[in-house]
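*Asks:* One structure follows; several queries about it will come next.
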Amino acid sequence: LQSPEWRVKQAALDRLSQLASTAPGEISKLLPRIIPVVTGQVWDTKPQVTKAATACLLATCNTNLNPDVKPAIPAIVNAIVKPSDTMTAVDELMGTTFVSTVDSSTLAILCPILSRGLKQKVARDKRSCCVVIENMSRLVDSPKAVAPFGPLLVPDLKKVVENVQFEEMRDIALKALQTLTKALGHASVEEAYNAVMAQECARAEDEQRKIEEQRLFDKQREEQQRLKEEQERKQWKEAMEAHRLLEQMKEKEEEEKKAEELRKKELSKQSVKNKAGKCQSCGLKKCKKGCLFS
């Protein structure tokens with residue numbers, strides 16, 4: 001999916017959609033890693049990639065085994081593709097009664113939409129998201145499952161608690177934040193917030209380190225390429241110089257050969273004998289009396 005060629009992206013998304021039908025259990029476990037990557041392809045400039053990404057999101061999200069969330073998956077996928085429909089998906093989740101255990105696969109589907117909903121300007125929309133987060137957090141199977149999504153929800157929930165004017169809204173947001181804090185395995189909201197911020201700082205430092213490593217790698221590769229090109233230019237110049245010297249030697253040999261032939265012709269003109277050893281005047285090997293060369 002990192003290929004610059006759109007046909008490669010489309011083919012990869014199509015193959016992933018096929019895997020969702022042939023190996024749903026394995027794909028479901030990998031949803032926390034799959035959804036962010038596939039979501040990034042939804043806004044590709046090529047409509048073929050966008051269409052394939054949407055179909056892939058729907059196919060992979062449908063591998064989730066949580067029966068409470070399954071009816072809302074089409075609306076959630078539509079909200080991912082079309083952010084303006086976020087609250088439509090949240091309203092559908094509001095009507096969901098959570099009774100099954102919420103695992104990391106389910107959280108990977110729900111958290112991006114809920115995080116976006118918490119950023120809505122309308123207070124009612126924020127309230128709906130807080131209610132869903134509270135209901136969802138009560139059934140999280142382990143702190144490990146929800147830990148990757150803490151940075152996505154805790155800061156936004158804290159902002160709602162601190163900034164919303166309506167007391168009822170603040171209470172609902174605080175209750176959701178406390179339930180989520182408990183699901184994360186922390187004793188207090190502040191502890192959860194500090195842990196999330198520390199996690200975010202560590203993630204940012206890790207990203208910065210990766211960027212620096214990639215930059216250093218690119219610099220080394222550019223230097224290697226420069227040295228390689230410089231060596232190739234040097235070899236090319238040496239080859240051209242060798243070719244020029246060979247051409248000069250060849251021309252010199254040809255000139256020497258022509259000069260030798262010319263010298264032999266001149267000598268043959270000056271000699272009284274021909275090649276057979278006969279006199280060029282009388283035609284005899286031993287000249288007779290009266291021969292011009294006797």
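Ordering of the structure tokens sets the chain letters (A, B, ...), residue numbers begin anew at 1 in every chain, and ligands are numbered from 1 in the order given.
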Give me every helix (DSSP H, G or I) residue in stretch 85-116 of chain A, going by DSSP on the backbone, as a PyMOL selection string.
*Replies:* chain A and resi 85-94+104-116
*Asks:* Neighbouring residues of A:Ile80 were defined as those with any atom within 8 Å, considering only C-alpha atoms; residues of the same chain fewer than 3 positions away were excluded. Please report them as an NGL selection string.
*Replies:* :A and (39 or 76-77 or 83 or 86 or 113)
*Asks:* Skipping near chain neighbours, those fewer than 2 positions away, what residues fall within 9 Å of A:Ala173 using only C-alpha atoms, listed as a PDB file with N, CA, C and O atoms, in the first residue's frame?
*Replies:*
ATOM      1  N   LYS A 126     -21.386  15.351  21.470  1.00  0.00           N
ATOM      2  CA  LYS A 126     -20.363  14.942  22.434  1.00  0.00           C
ATOM      3  C   LYS A 126     -20.969  14.049  23.514  1.00  0.00           C
ATOM      4  O   LYS A 126     -20.357  13.068  23.948  1.00  0.00           O
ATOM      5  N   ARG A 127     -22.183  14.419  23.950  1.00  0.00           N
ATOM      6  CA  ARG A 127     -22.863  13.624  24.969  1.00  0.00           C
ATOM      7  C   ARG A 127     -23.094  12.201  24.477  1.00  0.00           C
ATOM      8  O   ARG A 127     -22.877  11.221  25.218  1.00  0.00           O
ATOM      9  N   CYS A 129     -21.405  10.506  22.282  1.00  0.00           N
ATOM     10  CA  CYS A 129     -20.130   9.785  22.257  1.00  0.00           C
ATOM     11  C   CYS A 129     -19.724   9.351  23.665  1.00  0.00           C
ATOM     12  O   CYS A 129     -19.213   8.240  23.855  1.00  0.00           O
ATOM     13  N   CYS A 130     -19.932  10.217  24.642  1.00  0.00           N
ATOM     14  CA  CYS A 130     -19.574   9.884  26.031  1.00  0.00           C
ATOM     15  C   CYS A 130     -20.379   8.691  26.530  1.00  0.00           C
ATOM     16  O   CYS A 130     -19.850   7.811  27.223  1.00  0.00           O
ATOM     17  N   VAL A 131     -21.667   8.647  26.187  1.00  0.00           N
ATOM     18  CA  VAL A 131     -22.524   7.529  26.607  1.00  0.00           C
ATOM     19  C   VAL A 131     -22.033   6.223  25.999  1.00  0.00           C
ATOM     20  O   VAL A 131     -21.937   5.189  26.677  1.00  0.00           O
ATOM     21  N   GLU A 134     -18.780   5.110  27.668  1.00  0.00           N
ATOM     22  CA  GLU A 134     -19.008   4.529  28.996  1.00  0.00           C
ATOM     23  C   GLU A 134     -19.534   3.099  28.882  1.00  0.00           C
ATOM     24  O   GLU A 134     -19.036   2.183  29.552  1.00  0.00           O
ATOM     25  N   LEU A 157     -11.820  13.300  25.992  1.00  0.00           N
ATOM     26  CA  LEU A 157     -12.795  13.223  27.086  1.00  0.00           C
ATOM     27  C   LEU A 157     -12.471  14.246  28.166  1.00  0.00           C
ATOM     28  O   LEU A 157     -13.369  14.894  28.729  1.00  0.00           O
ATOM     29  N   LYS A 158     -11.191  14.398  28.474  1.00  0.00           N
ATOM     30  CA  LYS A 158     -10.768  15.364  29.494  1.00  0.00           C
ATOM     31  C   LYS A 158     -11.132  16.795  29.071  1.00  0.00           C
ATOM     32  O   LYS A 158     -11.546  17.619  29.893  1.00  0.00           O
ATOM     33  N   VAL A 160     -13.653  17.622  27.166  1.00  0.00           N
ATOM     34  CA  VAL A 160     -15.103  17.766  27.325  1.00  0.00           C
ATOM     35  C   VAL A 160     -15.444  18.036  28.786  1.00  0.00           C
ATOM     36  O   VAL A 160     -16.266  18.911  29.109  1.00  0.00           O
ATOM     37  N   VAL A 161     -14.803  17.293  29.701  1.00  0.00           N
ATOM     38  CA  VAL A 161     -15.056  17.472  31.134  1.00  0.00           C
ATOM     39  C   VAL A 161     -14.703  18.889  31.576  1.00  0.00           C
ATOM     40  O   VAL A 161     -15.417  19.510  32.375  1.00  0.00           O
ATOM     41  N   GLU A 168     -24.753  18.666  33.385  1.00  0.00           N
ATOM     42  CA  GLU A 168     -25.155  17.294  33.069  1.00  0.00           C
ATOM     43  C   GLU A 168     -24.163  16.648  32.098  1.00  0.00           C
ATOM     44  O   GLU A 168     -23.769  15.490  32.256  1.00  0.00           O
ATOM     45  N   MET A 169     -23.769  17.438  31.093  1.00  0.00           N
ATOM     46  CA  MET A 169     -22.807  16.953  30.099  1.00  0.00           C
ATOM     47  C   MET A 169     -21.472  16.629  30.756  1.00  0.00           C
ATOM     48  O   MET A 169     -20.844  15.608  30.460  1.00  0.00           O
ATOM     49  N   ARG A 170     -21.026  17.513  31.660  1.00  0.00           N
ATOM     50  CA  ARG A 170     -19.748  17.283  32.338  1.00  0.00           C
ATOM     51  C   ARG A 170     -19.792  16.005  33.172  1.00  0.00           C
ATOM     52  O   ARG A 170     -18.835  15.233  33.213  1.00  0.00           O
ATOM     53  N   ASP A 171     -20.929  15.784  33.825  1.00  0.00           N
ATOM     54  CA  ASP A 171     -21.070  14.579  34.650  1.00  0.00           C
ATOM     55  C   ASP A 171     -21.004  13.310  33.800  1.00  0.00           C
ATOM     56  O   ASP A 171     -20.357  12.325  34.173  1.00  0.00           O
ATOM     57  N   LYS A 175     -18.094  10.567  33.994  1.00  0.00           N
ATOM     58  CA  LYS A 175     -18.399   9.161  34.249  1.00  0.00           C
ATOM     59  C   LYS A 175     -17.762   8.271  33.172  1.00  0.00           C
ATOM     60  O   LYS A 175     -17.208   7.208  33.463  1.00  0.00           O
ATOM     61  N   ALA A 176     -17.843   8.733  31.908  1.00  0.00           N
ATOM     62  CA  ALA A 176     -17.223   7.977  30.809  1.00  0.00           C
ATOM     63  C   ALA A 176     -15.710   7.925  30.971  1.00  0.00           C
ATOM     64  O   ALA A 176     -15.083   6.877  30.757  1.00  0.00           O
ATOM     65  N   LEU A 177     -15.131   9.049  31.387  1.00  0.00           N
ATOM     66  CA  LEU A 177     -13.677   9.102  31.582  1.00  0.00           C
ATOM     67  C   LEU A 177     -13.246   8.193  32.736  1.00  0.00           C
ATOM     68  O   LEU A 177     -12.226   7.501  32.641  1.00  0.00           O
ATOM     69  N   GLN A 178     -14.022   8.169  33.801  1.00  0.00           N
ATOM     70  CA  GLN A 178     -13.682   7.301  34.932  1.00  0.00           C
ATOM     71  C   GLN A 178     -13.817   5.823  34.564  1.00  0.00           C
ATOM     72  O   GLN A 178     -12.980   5.000  34.958  1.00  0.00           O
TER      73      GLN A 178
END
*Asks:* What does the structure give for the distance between atom CA of A:Gln18 and atom CA of A:Asp44, in Å to one decimal?
*Replies:* 20.8 Å
*Asks:* In terms of the shortest atom-to-atom distance over only C-alpha atoms, which of A:Lys237, A:Arg7, A:Lys144, A:Arg116 is closest to A:Asp156?
*Replies:*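 Ranking A:Lys237, A:Arg7, A:Lys144, A:Arg116 by distance to A:Asp156, first place goes to A:Arg116.
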*Asks:* For atom CA of A:Pro155 and atom CA of A:Gln120, quote the distance in Å rounded to one decimal.
*Replies:* 14.3 Å
*Asks:* Using only C-alpha atoms, pick whichever of A:Asp141, A:Leu19, A:Lys119, A:Lys70 has the shortest atom-to-atom distance to A:Thr101.
*Replies:*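 Of A:Asp141, A:Leu19, A:Lys119, A:Lys70, the one nearest A:Thr101 is A:Asp141, counting only C-alpha atoms.
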*Asks:* Go through A:Gln231, A:Gln2, A:Ser128, A:Ser21 and flag the residue nearest A:Ser115, using only C-alpha atoms for the distances.
*Replies:*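 Counting only C-alpha atoms, the residue closest to A:Ser115 is A:Ser128.
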